[in-house]
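Engineer: I am sharing query-v2.pdb, which consists of PDB, C-alpha atoms and all ligand atoms:
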MODEL        1
ATOM      1  CA  MET A   1      19.482   1.145 -11.741
ATOM      2  CA  SER A   2      19.863  -1.024  -8.653
ATOM      3  CA  SER A   3      20.930   0.233  -5.268
ATOM      4  CA  PRO A   4      21.444  -1.756  -2.096
ATOM      5  CA  ASP A   5      19.748   1.024  -0.118
ATOM      6  CA  ARG A   6      16.481   0.802  -1.991
ATOM      7  CA  ARG A   7      13.644  -1.544  -1.167
ATOM      8  CA  TYR A   8      11.092  -3.130  -3.439
ATOM      9  CA  SER A   9       7.830  -4.815  -2.563
ATOM     10  CA  PHE A  10       4.707  -6.258  -4.185
ATOM     11  CA  GLU A  11       1.186  -6.131  -2.772
ATOM     12  CA  PHE A  12      -1.565  -8.738  -3.184
ATOM     13  CA  PHE A  13      -5.128  -9.143  -1.999
ATOM     14  CA  PRO A  14      -6.497 -12.379  -0.521
ATOM     15  CA  THR A  15      -8.873 -14.161  -2.884
ATOM     16  CA  LYS A  16     -12.270 -15.719  -2.273
ATOM     17  CA  THR A  17     -11.934 -18.797  -4.475
ATOM     18  CA  GLU A  18      -9.500 -21.682  -4.680
ATOM     19  CA  ALA A  19      -8.823 -20.848  -8.355
ATOM     20  CA  GLY A  20      -8.067 -17.223  -7.438
ATOM     21  CA  HIS A  21      -5.732 -18.369  -4.712
ATOM     22  CA  GLU A  22      -3.830 -20.650  -7.109
ATOM     23  CA  LYS A  23      -3.453 -17.739  -9.521
ATOM     24  CA  LEU A  24      -2.193 -15.554  -6.675
ATOM     25  CA  LEU A  25       0.433 -18.138  -5.741
ATOM     26  CA  ALA A  26       1.601 -18.436  -9.365
ATOM     27  CA  THR A  27       1.865 -14.627  -9.571
ATOM     28  CA  ALA A  28       3.780 -14.469  -6.295
ATOM     29  CA  LYS A  29       6.215 -17.163  -7.449
ATOM     30  CA  ARG A  30       6.975 -15.198 -10.636
ATOM     31  CA  LEU A  31       7.495 -11.980  -8.684
ATOM     32  CA  ALA A  32       9.656 -13.780  -6.114
ATOM     33  CA  GLY A  33      12.190 -14.004  -8.979
ATOM     34  CA  CYS A  34      12.766 -10.248  -8.560
ATOM     35  CA  ASN A  35      14.068 -10.987  -5.061
ATOM     36  CA  PRO A  36      11.856  -8.328  -3.458
ATOM     37  CA  ASP A  37      12.403  -7.179   0.112
ATOM     38  CA  PHE A  38       8.861  -8.189   0.975
ATOM     39  CA  PHE A  39       5.344  -8.967  -0.181
ATOM     40  CA  SER A  40       2.271  -7.562   1.506
ATOM     41  CA  CYS A  41      -1.323  -8.742   1.673
ATOM     42  CA  THR A  42      -4.354  -6.520   2.226
ATOM     43  CA  TYR A  43      -6.948  -6.867   4.989
ATOM     44  CA  GLY A  44     -10.681  -6.194   4.698
ATOM     45  CA  ALA A  45     -11.555  -3.556   7.282
ATOM     46  CA  GLY A  46     -13.842  -4.957   9.957
ATOM     47  CA  GLY A  47     -12.125  -8.332   9.680
ATOM     48  CA  SER A  48     -13.923  -9.497   6.509
ATOM     49  CA  THR A  49     -10.735 -11.184   5.222
ATOM     50  CA  ARG A  50      -9.206 -12.043   8.618
ATOM     51  CA  ASP A  51      -8.599 -15.750   7.946
ATOM     52  CA  ARG A  52      -7.853 -15.364   4.255
ATOM     53  CA  THR A  53      -5.275 -12.617   4.903
ATOM     54  CA  LEU A  54      -3.691 -14.682   7.669
ATOM     55  CA  ASN A  55      -3.509 -17.854   5.546
ATOM     56  CA  THR A  56      -2.197 -16.020   2.484
ATOM     57  CA  VAL A  57       0.490 -14.238   4.513
ATOM     58  CA  LEU A  58       1.673 -17.463   6.152
ATOM     59  CA  GLN A  59       1.754 -19.290   2.825
ATOM     60  CA  LEU A  60       3.625 -16.547   0.939
ATOM     61  CA  ASP A  61       6.065 -16.230   3.818
ATOM     62  CA  GLY A  62       6.517 -19.936   4.505
ATOM     63  CA  GLU A  63       6.204 -21.557   1.072
ATOM     64  CA  VAL A  64       7.042 -18.866  -1.473
ATOM     65  CA  LYS A  65       9.744 -17.786   0.961
ATOM     66  CA  VAL A  66       9.437 -14.038   0.595
ATOM     67  CA  PRO A  67       9.001 -12.179   3.924
ATOM     68  CA  THR A  68       5.354 -11.122   3.888
ATOM     69  CA  ALA A  69       3.680  -8.272   5.725
ATOM     70  CA  PRO A  70       0.000  -8.465   6.625
ATOM     71  CA  HIS A  71      -2.018  -5.270   6.374
ATOM     72  CA  LEU A  72      -4.035  -4.691   9.526
ATOM     73  CA  SER A  73      -6.749  -2.087   9.927
ATOM     74  CA  CYS A  74      -8.334  -0.954  13.161
ATOM     75  CA  VAL A  75     -11.858   0.264  12.335
ATOM     76  CA  GLY A  76     -14.421  -2.376  13.197
ATOM     77  CA  ASP A  77     -12.001  -4.617  15.123
ATOM     78  CA  SER A  78     -11.762  -4.711  18.919
ATOM     79  CA  LYS A  79      -8.395  -4.432  20.664
ATOM     80  CA  ALA A  80      -8.726  -8.084  21.704
ATOM     81  CA  GLU A  81      -9.217  -9.157  18.064
ATOM     82  CA  LEU A  82      -6.282  -7.061  16.912
ATOM     83  CA  LEU A  83      -4.064  -8.431  19.660
ATOM     84  CA  GLU A  84      -4.983 -12.009  18.822
ATOM     85  CA  LEU A  85      -3.902 -11.458  15.222
ATOM     86  CA  LEU A  86      -0.710  -9.653  16.236
ATOM     87  CA  ASN A  87       0.227 -12.545  18.527
ATOM     88  CA  LEU A  88      -0.474 -15.081  15.779
ATOM     89  CA  TYR A  89       1.729 -13.186  13.346
ATOM     90  CA  ARG A  90       4.491 -12.786  15.906
ATOM     91  CA  ASP A  91       4.364 -16.482  16.821
ATOM     92  CA  ASN A  92       4.677 -17.366  13.134
ATOM     93  CA  GLY A  93       7.787 -15.268  12.648
ATOM     94  CA  ILE A  94       6.186 -12.350  10.779
ATOM     95  CA  ARG A  95       8.298  -9.216  11.343
ATOM     96  CA  ARG A  96       6.583  -6.472   9.309
ATOM     97  CA  ILE A  97       3.063  -5.100   9.399
ATOM     98  CA  VAL A  98       1.195  -2.410   7.439
ATOM     99  CA  ALA A  99      -0.901  -0.521  10.025
ATOM    100  CA  LEU A 100      -4.020   1.234   8.740
ATOM    101  CA  ARG A 101      -7.269   2.747   9.814
ATOM    102  CA  GLY A 102      -9.186   1.041   6.999
ATOM    103  CA  ASP A 103     -12.531   1.894   5.424
ATOM    104  CA  LEU A 104     -15.548  -0.125   6.437
ATOM    105  CA  PRO A 105     -17.470  -1.376   3.392
ATOM    106  CA  SER A 106     -20.757   0.494   2.891
ATOM    107  CA  GLY A 107     -23.508  -1.305   4.758
ATOM    108  CA  MET A 108     -21.276  -2.128   7.712
ATOM    109  CA  GLY A 109     -22.398   1.037   9.483
ATOM    110  CA  MET A 110     -20.339   3.757  11.091
ATOM    111  CA  ALA A 111     -16.778   3.099  12.102
ATOM    112  CA  SER A 112     -16.799   1.006  15.233
ATOM    113  CA  GLY A 113     -13.913  -0.529  17.098
ATOM    114  CA  GLU A 114     -11.872   0.880  19.920
ATOM    115  CA  LEU A 115      -9.178   2.531  17.815
ATOM    116  CA  ARG A 116     -10.309   5.282  15.499
ATOM    117  CA  HIS A 117      -7.194   6.336  13.624
ATOM    118  CA  ALA A 118      -4.083   4.615  12.376
ATOM    119  CA  ASN A 119      -1.830   6.523  14.817
ATOM    120  CA  GLU A 120      -3.718   4.787  17.641
ATOM    121  CA  LEU A 121      -3.124   1.407  15.992
ATOM    122  CA  VAL A 122       0.600   2.129  15.632
ATOM    123  CA  GLU A 123       0.749   3.053  19.341
ATOM    124  CA  PHE A 124      -1.203  -0.071  20.246
ATOM    125  CA  ILE A 125       1.162  -2.341  18.268
ATOM    126  CA  ARG A 126       4.198  -0.737  19.894
ATOM    127  CA  THR A 127       2.693  -1.010  23.388
ATOM    128  CA  GLU A 128       1.701  -4.637  22.955
ATOM    129  CA  THR A 129       4.593  -6.002  20.913
ATOM    130  CA  GLY A 130       7.500  -3.618  21.516
ATOM    131  CA  ASP A 131       9.975  -3.490  18.649
ATOM    132  CA  HIS A 132       9.072  -6.871  17.187
ATOM    133  CA  PHE A 133       7.371  -5.491  14.070
ATOM    134  CA  HIS A 134       8.674  -3.116  11.439
ATOM    135  CA  ILE A 135       5.596  -0.891  11.089
ATOM    136  CA  GLU A 136       4.596   0.589   7.726
ATOM    137  CA  ILE A 137       1.970   3.338   7.535
ATOM    138  CA  ALA A 138      -0.011   4.839   4.643
ATOM    139  CA  ALA A 139       0.805   8.233   3.110
ATOM    140  CA  TYR A 140      -1.258  10.358   0.706
ATOM    141  CA  PRO A 141       0.785  12.669  -1.546
ATOM    142  CA  GLU A 142      -2.469  14.014  -3.031
ATOM    143  CA  MET A 143      -4.232  14.215   0.370
ATOM    144  CA  HIS A 144      -6.466  11.616   1.994
ATOM    145  CA  PRO A 145      -9.967  12.043   0.518
ATOM    146  CA  GLN A 146     -11.584  12.693   3.926
ATOM    147  CA  ALA A 147      -8.976  15.166   5.173
ATOM    148  CA  ARG A 148     -10.188  18.703   5.918
ATOM    149  CA  ASN A 149      -7.157  20.183   4.207
ATOM    150  CA  PHE A 150      -3.611  19.284   3.203
ATOM    151  CA  GLU A 151      -2.088  20.977   6.257
ATOM    152  CA  ASP A 152      -4.128  18.846   8.679
ATOM    153  CA  ASP A 153      -3.491  15.683   6.715
ATOM    154  CA  ILE A 154       0.282  16.185   6.769
ATOM    155  CA  ALA A 155       0.198  16.971  10.507
ATOM    156  CA  ASN A 156      -1.832  13.767  11.054
ATOM    157  CA  PHE A 157       0.673  11.802   8.982
ATOM    158  CA  VAL A 158       3.579  13.146  11.048
ATOM    159  CA  ARG A 159       1.763  12.289  14.307
ATOM    160  CA  LYS A 160       1.223   8.735  12.984
ATOM    161  CA  ALA A 161       4.912   8.490  12.074
ATOM    162  CA  ARG A 162       5.927   9.674  15.554
ATOM    163  CA  ALA A 163       3.638   7.103  17.176
ATOM    164  CA  GLY A 164       6.284   4.530  16.230
ATOM    165  CA  ALA A 165       6.201   3.866  12.475
ATOM    166  CA  ASP A 166       9.388   2.786  10.690
ATOM    167  CA  SER A 167       8.443   3.660   7.119
ATOM    168  CA  ALA A 168       5.535   4.576   4.883
ATOM    169  CA  ILE A 169       3.988   3.478   1.601
ATOM    170  CA  THR A 170       2.036   5.998  -0.440
ATOM    171  CA  GLN A 171      -1.326   5.794  -2.097
ATOM    172  CA  TYR A 172      -0.687   5.605  -5.840
ATOM    173  CA  PHE A 173      -0.380   8.789  -7.890
ATOM    174  CA  PHE A 174       0.517   9.698 -11.473
ATOM    175  CA  ASN A 175       2.382  12.913 -10.826
ATOM    176  CA  ALA A 176       5.883  12.524  -9.401
ATOM    177  CA  ASP A 177       5.912  16.147  -8.232
ATOM    178  CA  SER A 178       3.054  15.483  -5.799
ATOM    179  CA  TYR A 179       5.279  12.853  -4.139
ATOM    180  CA  PHE A 180       8.336  15.132  -3.955
ATOM    181  CA  TYR A 181       6.242  17.998  -2.551
ATOM    182  CA  PHE A 182       4.676  15.739   0.103
ATOM    183  CA  VAL A 183       8.069  14.390   1.203
ATOM    184  CA  GLU A 184       9.470  17.909   1.416
ATOM    185  CA  ARG A 185       6.584  19.067   3.629
ATOM    186  CA  VAL A 186       6.927  16.034   5.910
ATOM    187  CA  ARG A 187      10.685  16.629   6.237
ATOM    188  CA  LYS A 188      10.068  20.277   7.171
ATOM    189  CA  LEU A 189       8.006  19.002  10.116
ATOM    190  CA  GLY A 190      10.982  16.933  11.229
ATOM    191  CA  ALA A 191       9.845  13.404  10.277
ATOM    192  CA  ASP A 192      12.590  11.502   8.464
ATOM    193  CA  LEU A 193      11.116   8.035   7.901
ATOM    194  CA  PRO A 194      11.492   6.508   4.406
ATOM    195  CA  ILE A 195       8.386   7.172   2.272
ATOM    196  CA  VAL A 196       8.117   4.631  -0.541
ATOM    197  CA  PRO A 197       5.949   5.445  -3.572
ATOM    198  CA  GLY A 198       3.065   3.040  -4.199
ATOM    199  CA  ILE A 199       2.938   2.241  -7.915
ATOM    200  CA  MET A 200      -0.258   1.294  -9.752
ATOM    201  CA  PRO A 201       0.365  -0.163 -13.221
ATOM    202  CA  ILE A 202      -2.186   1.036 -15.806
ATOM    203  CA  THR A 203      -3.987  -1.907 -17.410
ATOM    204  CA  ASN A 204      -7.597  -0.817 -17.763
ATOM    205  CA  TYR A 205      -9.218   2.603 -18.113
ATOM    206  CA  SER A 206     -12.710   2.413 -16.588
ATOM    207  CA  LYS A 207     -11.719   0.522 -13.439
ATOM    208  CA  LEU A 208      -8.750   2.807 -12.868
ATOM    209  CA  ALA A 209     -10.883   5.944 -13.281
ATOM    210  CA  ARG A 210     -13.484   4.668 -10.813
ATOM    211  CA  PHE A 211     -10.954   3.550  -8.255
ATOM    212  CA  SER A 212      -8.899   6.754  -8.527
ATOM    213  CA  ASP A 213     -11.991   8.868  -7.844
ATOM    214  CA  ALA A 214     -12.777   6.839  -4.729
ATOM    215  CA  CYS A 215      -9.304   6.891  -3.219
ATOM    216  CA  GLY A 216      -8.457  10.487  -4.095
ATOM    217  CA  SER A 217      -5.731   9.819  -6.671
ATOM    218  CA  GLU A 218      -5.737  12.195  -9.577
ATOM    219  CA  LEU A 219      -5.719  10.682 -13.045
ATOM    220  CA  PRO A 220      -4.243  13.601 -15.035
ATOM    221  CA  ARG A 221      -6.235  14.877 -18.002
ATOM    222  CA  TRP A 222      -3.569  13.995 -20.561
ATOM    223  CA  ILE A 223      -3.502  10.375 -19.362
ATOM    224  CA  ARG A 224      -7.289  10.156 -19.154
ATOM    225  CA  LYS A 225      -7.756  11.584 -22.663
ATOM    226  CA  GLN A 226      -5.195   9.219 -24.150
ATOM    227  CA  LEU A 227      -6.728   6.180 -22.413
ATOM    228  CA  GLU A 228     -10.221   7.231 -23.510
ATOM    229  CA  ALA A 229      -9.005   7.508 -27.087
ATOM    230  CA  TYR A 230      -7.790   3.890 -27.030
ATOM    231  CA  GLY A 231     -11.337   2.669 -26.272
ATOM    232  CA  ASP A 232     -11.320  -1.154 -26.112
ATOM    233  CA  ASP A 233      -7.792  -1.464 -27.487
ATOM    234  CA  ILE A 234      -6.336  -3.110 -24.375
ATOM    235  CA  GLU A 235      -2.928  -3.678 -25.955
ATOM    236  CA  SER A 236      -2.427   0.040 -26.627
ATOM    237  CA  ILE A 237      -3.710   0.949 -23.144
ATOM    238  CA  GLN A 238      -1.188  -1.383 -21.577
ATOM    239  CA  ALA A 239       1.723  -0.282 -23.773
ATOM    240  CA  PHE A 240       0.987   3.383 -23.047
ATOM    241  CA  GLY A 241       0.476   2.670 -19.331
ATOM    242  CA  GLU A 242       3.743   0.768 -19.125
ATOM    243  CA  GLN A 243       5.650   3.637 -20.694
ATOM    244  CA  VAL A 244       4.027   6.352 -18.559
ATOM    245  CA  ILE A 245       4.524   4.480 -15.288
ATOM    246  CA  SER A 246       8.077   3.370 -16.105
ATOM    247  CA  GLU A 247       9.041   6.970 -16.846
ATOM    248  CA  MET A 248       7.441   8.156 -13.608
ATOM    249  CA  CYS A 249       9.309   5.473 -11.618
ATOM    250  CA  GLU A 250      12.597   6.515 -13.220
ATOM    251  CA  LYS A 251      11.941  10.095 -12.186
ATOM    252  CA  LEU A 252      11.016   9.029  -8.642
ATOM    253  CA  LEU A 253      14.137   6.932  -8.148
ATOM    254  CA  ALA A 254      16.400   9.545  -9.735
ATOM    255  CA  GLY A 255      14.846  12.128  -7.369
ATOM    256  CA  GLY A 256      15.660  10.083  -4.269
ATOM    257  CA  ALA A 257      12.658   7.797  -3.667
ATOM    258  CA  PRO A 258      13.877   4.997  -1.367
ATOM    259  CA  GLY A 259      12.279   2.176  -3.397
ATOM    260  CA  LEU A 260       8.966   1.193  -4.995
ATOM    261  CA  HIS A 261       5.897  -0.712  -3.772
ATOM    262  CA  PHE A 262       3.817  -2.256  -6.589
ATOM    263  CA  TYR A 263       0.049  -2.656  -6.335
ATOM    264  CA  THR A 264      -0.028  -5.852  -8.384
ATOM    265  CA  LEU A 265      -3.788  -6.554  -8.232
ATOM    266  CA  ASN A 266      -2.594 -10.171  -8.196
ATOM    267  CA  GLN A 267      -1.106  -9.943 -11.704
ATOM    268  CA  ALA A 268       2.612 -10.393 -12.352
ATOM    269  CA  GLY A 269       2.864  -9.126 -15.955
ATOM    270  CA  PRO A 270       2.239  -5.370 -15.554
ATOM    271  CA  SER A 271       4.588  -4.954 -12.565
ATOM    272  CA  LEU A 272       7.259  -7.134 -14.190
ATOM    273  CA  ALA A 273       7.116  -5.079 -17.394
ATOM    274  CA  ILE A 274       7.870  -1.914 -15.396
ATOM    275  CA  TRP A 275      10.517  -3.735 -13.349
ATOM    276  CA  ASN A 276      12.264  -4.865 -16.543
ATOM    277  CA  ASN A 277      12.036  -1.435 -18.192
ATOM    278  CA  LEU A 278      13.738   0.071 -15.163
ATOM    279  CA  LYS A 279      16.407  -2.660 -15.244
ATOM    280  CA  LEU A 280      15.888  -3.130 -11.541
ATOM    281  CA  SER A 281      17.643  -5.876  -9.689
ATOM    282  CA  ASN A 282      17.668  -6.468  -5.994
TER
HETATM  283  P1  LIG B 301      -5.427   7.517   9.116
HETATM  284  O1  LIG B 301      -3.962   7.743   9.159
HETATM  285  O2  LIG B 301      -6.123   7.283  10.419
HETATM  286  O3  LIG B 301      -6.061   8.764   8.361
HETATM  287  C1  LIG B 301      -7.422   8.763   7.938
HETATM  288  C2  LIG B 301      -7.985  10.180   7.916
HETATM  289  O4  LIG B 301      -8.109  10.677   9.255
HETATM  290  C3  LIG B 301      -7.114  11.196   7.194
HETATM  291  O5  LIG B 301      -7.966  12.120   6.573
HETATM  292  C4  LIG B 301      -6.312  11.862   8.311
HETATM  293  O6  LIG B 301      -5.925  13.185   7.983
HETATM  294  C5  LIG B 301      -7.297  11.820   9.470
HETATM  295  N1  LIG B 301      -6.635  11.583  10.761
HETATM  296  C6  LIG B 301      -5.592  10.751  11.008
HETATM  297  N2  LIG B 301      -5.292  10.703  12.312
HETATM  298  C7  LIG B 301      -6.181  11.528  12.935
HETATM  299  C8  LIG B 301      -6.403  11.880  14.289
HETATM  300  N3  LIG B 301      -5.660  11.368  15.263
HETATM  301  N4  LIG B 301      -7.410  12.756  14.564
HETATM  302  C9  LIG B 301      -8.193  13.257  13.575
HETATM  303  N5  LIG B 301      -8.020  12.947  12.260
HETATM  304  C10 LIG B 301      -7.035  12.084  11.942
HETATM  305  N6  LIG B 301      -7.601  -0.272   3.455
HETATM  306  C11 LIG B 301      -8.057  -1.461   3.906
HETATM  307  O7  LIG B 301      -9.219  -1.533   4.351
HETATM  308  N7  LIG B 301      -7.276  -2.587   3.882
HETATM  309  C12 LIG B 301      -6.000  -2.566   3.443
HETATM  310  O8  LIG B 301      -5.317  -3.599   3.429
HETATM  311  C13 LIG B 301      -5.459  -1.319   2.971
HETATM  312  N8  LIG B 301      -4.184  -1.205   2.550
HETATM  313  C14 LIG B 301      -3.669   0.022   2.200
HETATM  314  C15 LIG B 301      -2.308   0.136   1.877
HETATM  315  C16 LIG B 301      -1.760   1.366   1.541
HETATM  316  C17 LIG B 301      -0.300   1.448   1.213
HETATM  317  C18 LIG B 301      -2.598   2.525   1.489
HETATM  318  C19 LIG B 301      -2.032   3.855   1.087
HETATM  319  C20 LIG B 301      -3.944   2.421   1.816
HETATM  320  C21 LIG B 301      -4.504   1.190   2.190
HETATM  321  N9  LIG B 301      -5.838   1.048   2.566
HETATM  322  C22 LIG B 301      -6.323  -0.180   3.001
HETATM  323  C23 LIG B 301      -6.747   2.199   2.530
HETATM  324  C24 LIG B 301      -6.837   2.928   3.876
HETATM  325  O9  LIG B 301      -7.321   2.082   4.881
HETATM  326  C25 LIG B 301      -7.775   4.117   3.693
HETATM  327  O10 LIG B 301      -7.187   5.082   2.861
HETATM  328  C26 LIG B 301      -8.304   4.759   4.968
HETATM  329  O11 LIG B 301      -9.327   5.681   4.606
HETATM  330  C27 LIG B 301      -7.270   5.552   5.754
HETATM  331  O12 LIG B 301      -6.358   4.748   6.359
HETATM  332  P2  LIG B 301      -5.070   5.400   7.088
HETATM  333  O13 LIG B 301      -4.370   4.300   7.742
HETATM  334  O14 LIG B 301      -4.329   6.262   6.151
HETATM  335  O15 LIG B 301      -5.842   6.311   8.177
ENDMDL
END
Just dump the structure as structure tokens.
Structural biologist:
Amino acid sequence: MSSPDRRYSFEFFPTKTEAGHEKLLATAKRLAGCNPDFFSCTYGAGGSTRDRTLNTVLQLDGEVKVPTAPHLSCVGDSKAELLELLNLYRDNGIRRIVALRGDLPSGMGMASGELRHANELVEFIRTETGDHFHIEIAAYPEMHPQARNFEDDIANFVRKARAGADSAITQYFFNADSYFYFVERVRKLGADLPIVPGIMPITNYSKLARFSDACGSELPRWIRKQLEAYGDDIESIQAFGEQVISEMCEKLLAGGAPGLHFYTLNQAGPSLAIWNNLKLSN
């Protein structure tokens, strides 16, 4: 099921400890074997992971030799801080960036910073760095949790795309139809950028349920009930999760999705299992 037109990518988060970082590098080296189009590395809004994101990106890009895209969020960072990072990435040969608004951790107060929404960050990157970066933006097939309604959220997404984005990566979801419906609505508004599904492997029930609630991704009842029934039986949870997600990815690709972006949570096994089930090669 490979296609030269599709793109595949794996996302990591920067770690706090040396041991975590070593594990991340080992994971990245295994996933590099899939010959992905790129890796990406998250950024703590407000700059909490500024140096760790920068170092991880440069190491994955330079040593693991997979082009790596830093995530960059604008809440809590000044324009001068954002520009300094952009210049550092540009000077180090980084060509892709994931531009986000970000969510400040609770306790860091109200959103500060000079740019309030991701469309403003996209505009800022284009103004300051021209066409140097391929800009990715975030998309929410099941609606961003703070959006007033779906209509507004889609209009905001299209404005962000028009500000100069090249492509988008979605929040994860477990219902392929929500993705197809979102893409159709975006196309009707005239935006034609590639929208790549973000894929979350299922490896653990309680964490997934908590996280899905917070980010506005719906964990369908039939999946929730089945995972609950497995209790502490991690092996069954993972086998079921692998099957459900592989089938959803097959449906997405067959329906025209332009690739897949895996939220690895710094683990190679779950994403590789799906990759192998799909017989993907790149
Ligand atoms: P926006 O596009 O600005 O949208 C946020 C909300 O504001 C939406 O409800 C939207 O409808 C509304 N809105 C947008 N533009 C306007 C406007 N001009 N006027 C009024 N309302 C508007 N978070 C991190 O902190 N670090 C990361 O590394 C990170 N990586 C991510 C990667 C992906 C692929 C995804 C999908 C999300 C990621 N996030 C990350 C989470 C993201 O930062 C949050 O979901 C955040 O709440 C919204 O970011 P955004 O870029 O989508 O914001």
Engineer: Considering all atoms listed in the file, can you say which of A:Pro145, A:Gly93, A:Gly130, A:Pro14 comes closest to ligand LIG 301 (chain B)?
Structural biologist: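 Smallest separation from ligand LIG 301 (chain B) among the options: A:Pro145.
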Engineer: Each residue of chain A lying at most 8 Å from ligand LIG 301 (chain B) should get a row with its shortest atom-to-atom pair and the distance in Å to one decimal, counting only C-alpha atoms and all ligand atoms; could you produce that, ordered by chain and increasing number, as a tab-separated table?
Structural biologist:
residue	atom	partner	partner_atom	distance
A:Phe13	CA	B:LIG301	O8	7.8
A:Cys41	CA	B:LIG301	O8	6.7
A:Thr42	CA	B:LIG301	O8	3.3
A:Tyr43	CA	B:LIG301	O8	4.0
A:Gly44	CA	B:LIG301	O7	4.9
A:Ala45	CA	B:LIG301	O7	4.3
A:Pro70	CA	B:LIG301	O8	7.9
A:His71	CA	B:LIG301	O8	4.7
A:Leu72	CA	B:LIG301	O8	6.3
A:Ser73	CA	B:LIG301	N7	6.1
A:Val98	CA	B:LIG301	C15	7.0
A:Ala99	CA	B:LIG301	O13	6.4
A:Leu100	CA	B:LIG301	O13	3.2
A:Arg101	CA	B:LIG301	O13	3.9
A:Gly102	CA	B:LIG301	O9	3.0
A:Asp103	CA	B:LIG301	O7	4.9
A:Leu104	CA	B:LIG301	O7	6.8
A:Arg116	CA	B:LIG301	O2	6.9
A:His117	CA	B:LIG301	O2	3.5
A:Ala118	CA	B:LIG301	O2	3.9
A:Asn119	CA	B:LIG301	N2	6.0
A:Glu120	CA	B:LIG301	N3	7.3
A:Ile137	CA	B:LIG301	O13	6.4
A:Ala138	CA	B:LIG301	C19	4.2
A:Ala139	CA	B:LIG301	C19	5.6
A:Tyr140	CA	B:LIG301	C19	6.6
A:Met143	CA	B:LIG301	O5	7.5
A:His144	CA	B:LIG301	O5	4.8
A:Pro145	CA	B:LIG301	O5	6.4
A:Gln146	CA	B:LIG301	O5	4.5
A:Ala147	CA	B:LIG301	O5	3.5
A:Arg148	CA	B:LIG301	O5	7.0
A:Asp152	CA	B:LIG301	O6	6.0
A:Asp153	CA	B:LIG301	O6	3.7
A:Ile154	CA	B:LIG301	O6	7.0
A:Ala155	CA	B:LIG301	O6	7.6
A:Asn156	CA	B:LIG301	N2	4.8
A:Phe157	CA	B:LIG301	O1	6.2
A:Arg159	CA	B:LIG301	N2	7.5
A:Lys160	CA	B:LIG301	O1	6.5
A:Ala168	CA	B:LIG301	C17	7.6
A:Ile169	CA	B:LIG301	C17	4.8
A:Thr170	CA	B:LIG301	C19	4.8
A:Gln171	CA	B:LIG301	C19	3.8
A:Tyr172	CA	B:LIG301	C19	7.3
A:Gly198	CA	B:LIG301	C17	6.6
A:Cys215	CA	B:LIG301	O10	6.7
Engineer: I'd like the interatomic distance between atom CA of A:Leu85 and atom CA of A:Leu54, to a tenth of an Å.
Structural biologist: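 For atom CA of A:Leu85 relative to atom CA of A:Leu54, the distance reads 8.2 Å.
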Engineer: List the residues selected by the PyMOL selection byres (((chain A and resi 256) around 12) and not hetatm) in the file shown, writing them as a compact mmCIF listing (two decimals) with C-alpha atoms, in the frame of the given file.
Structural biologist:
# COMPACT_ATOMS: atom_id res chain seq x y z
CA SER A 3 20.93 0.23 -5.27
CA ASP A 5 19.75 1.02 -0.12
CA ARG A 6 16.48 0.80 -1.99
CA ALA A 176 5.88 12.52 -9.40
CA TYR A 179 5.28 12.85 -4.14
CA PHE A 180 8.34 15.13 -3.96
CA VAL A 183 8.07 14.39 1.20
CA GLU A 184 9.47 17.91 1.42
CA PRO A 194 11.49 6.51 4.41
CA ILE A 195 8.39 7.17 2.27
CA VAL A 196 8.12 4.63 -0.54
CA PRO A 197 5.95 5.44 -3.57
CA CYS A 249 9.31 5.47 -11.62
CA GLU A 250 12.60 6.52 -13.22
CA LYS A 251 11.94 10.10 -12.19
CA LEU A 252 11.02 9.03 -8.64
CA LEU A 253 14.14 6.93 -8.15
CA ALA A 254 16.40 9.54 -9.74
CA GLY A 255 14.85 12.13 -7.37
CA ALA A 257 12.66 7.80 -3.67
CA PRO A 258 13.88 5.00 -1.37
CA GLY A 259 12.28 2.18 -3.40
CA LEU A 260 8.97 1.19 -5.00
Engineer: Work out how far atom CA of A:Asn282 is from atom CA of A:Arg52, in Å to one decimal.
Structural biologist: 28.9 Å
Engineer: Select, from A:Tyr89, A:Phe124, A:Tyr230, A:Phe39, the residue with the minimum atom-to-atom distance to A:Asn55, counting all atoms listed in the file.
Structural biologist: A:Tyr89
Engineer: Stretch 234-247 of chain A: which residues within 9 Å, counting all atoms listed in the file, same-chain residues fewer than 4 positions away excluded, as a list in words?
Structural biologist: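 Near neighbours after the sequence-gap exclusion: Phe174, Ile199, Met200, Pro201, Ile202, Thr203, Asn204, Tyr205, Ile223, Gln226, Leu227, Tyr230, Lys251, Leu252, Pro270, Ser271, Ala273, Ile274, Trp275, Asn277 and Leu278 of chain A.
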Engineer: I'd like the neighbourhood of A:Ala268 as a ChimeraX atom specification, where a residue qualifies if any of its atoms comes within 9 Å (using all atoms listed in the file), though same-chain residues fewer than 4 positions away should be ignored.
Structural biologist: /A:26-28,30-31,264,272-273
Engineer: By how many Å are atom CA of A:Val57 and atom CA of A:Ala69 apart?
Structural biologist: 6.9 Å
Engineer: What would the selection look like, as a PyMOL selection string, if the PyMOL selection byres (((chain A and resi 82) around 10) and not hetatm) were run on the coordinates I just shared?
Structural biologist: chain A and resi 47+72-74+77-81+83-88+121+124-125
Engineer: Taking every listed atom of stretch 203-209 of chain A and adding 5 Å to each side, what centre and edge lengths in Å (one decimal) does the axis-aligned box have, as AutoDock Vina command-line options?
Structural biologist:
--center_x -8.3 --center_y 2.0 --center_z -15.5 --size_x 18.7 --size_y 17.9 --size_z 15.2
Engineer: Looking at all atoms listed in the file, which of A:Thr56, A:Ser167, A:Gln267, A:Asn149 is the one that sits closest to A:Ala191?
Structural biologist: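 Going through A:Thr56, A:Ser167, A:Gln267, A:Asn149 one by one, the smallest distance to A:Ala191 is for A:Ser167.
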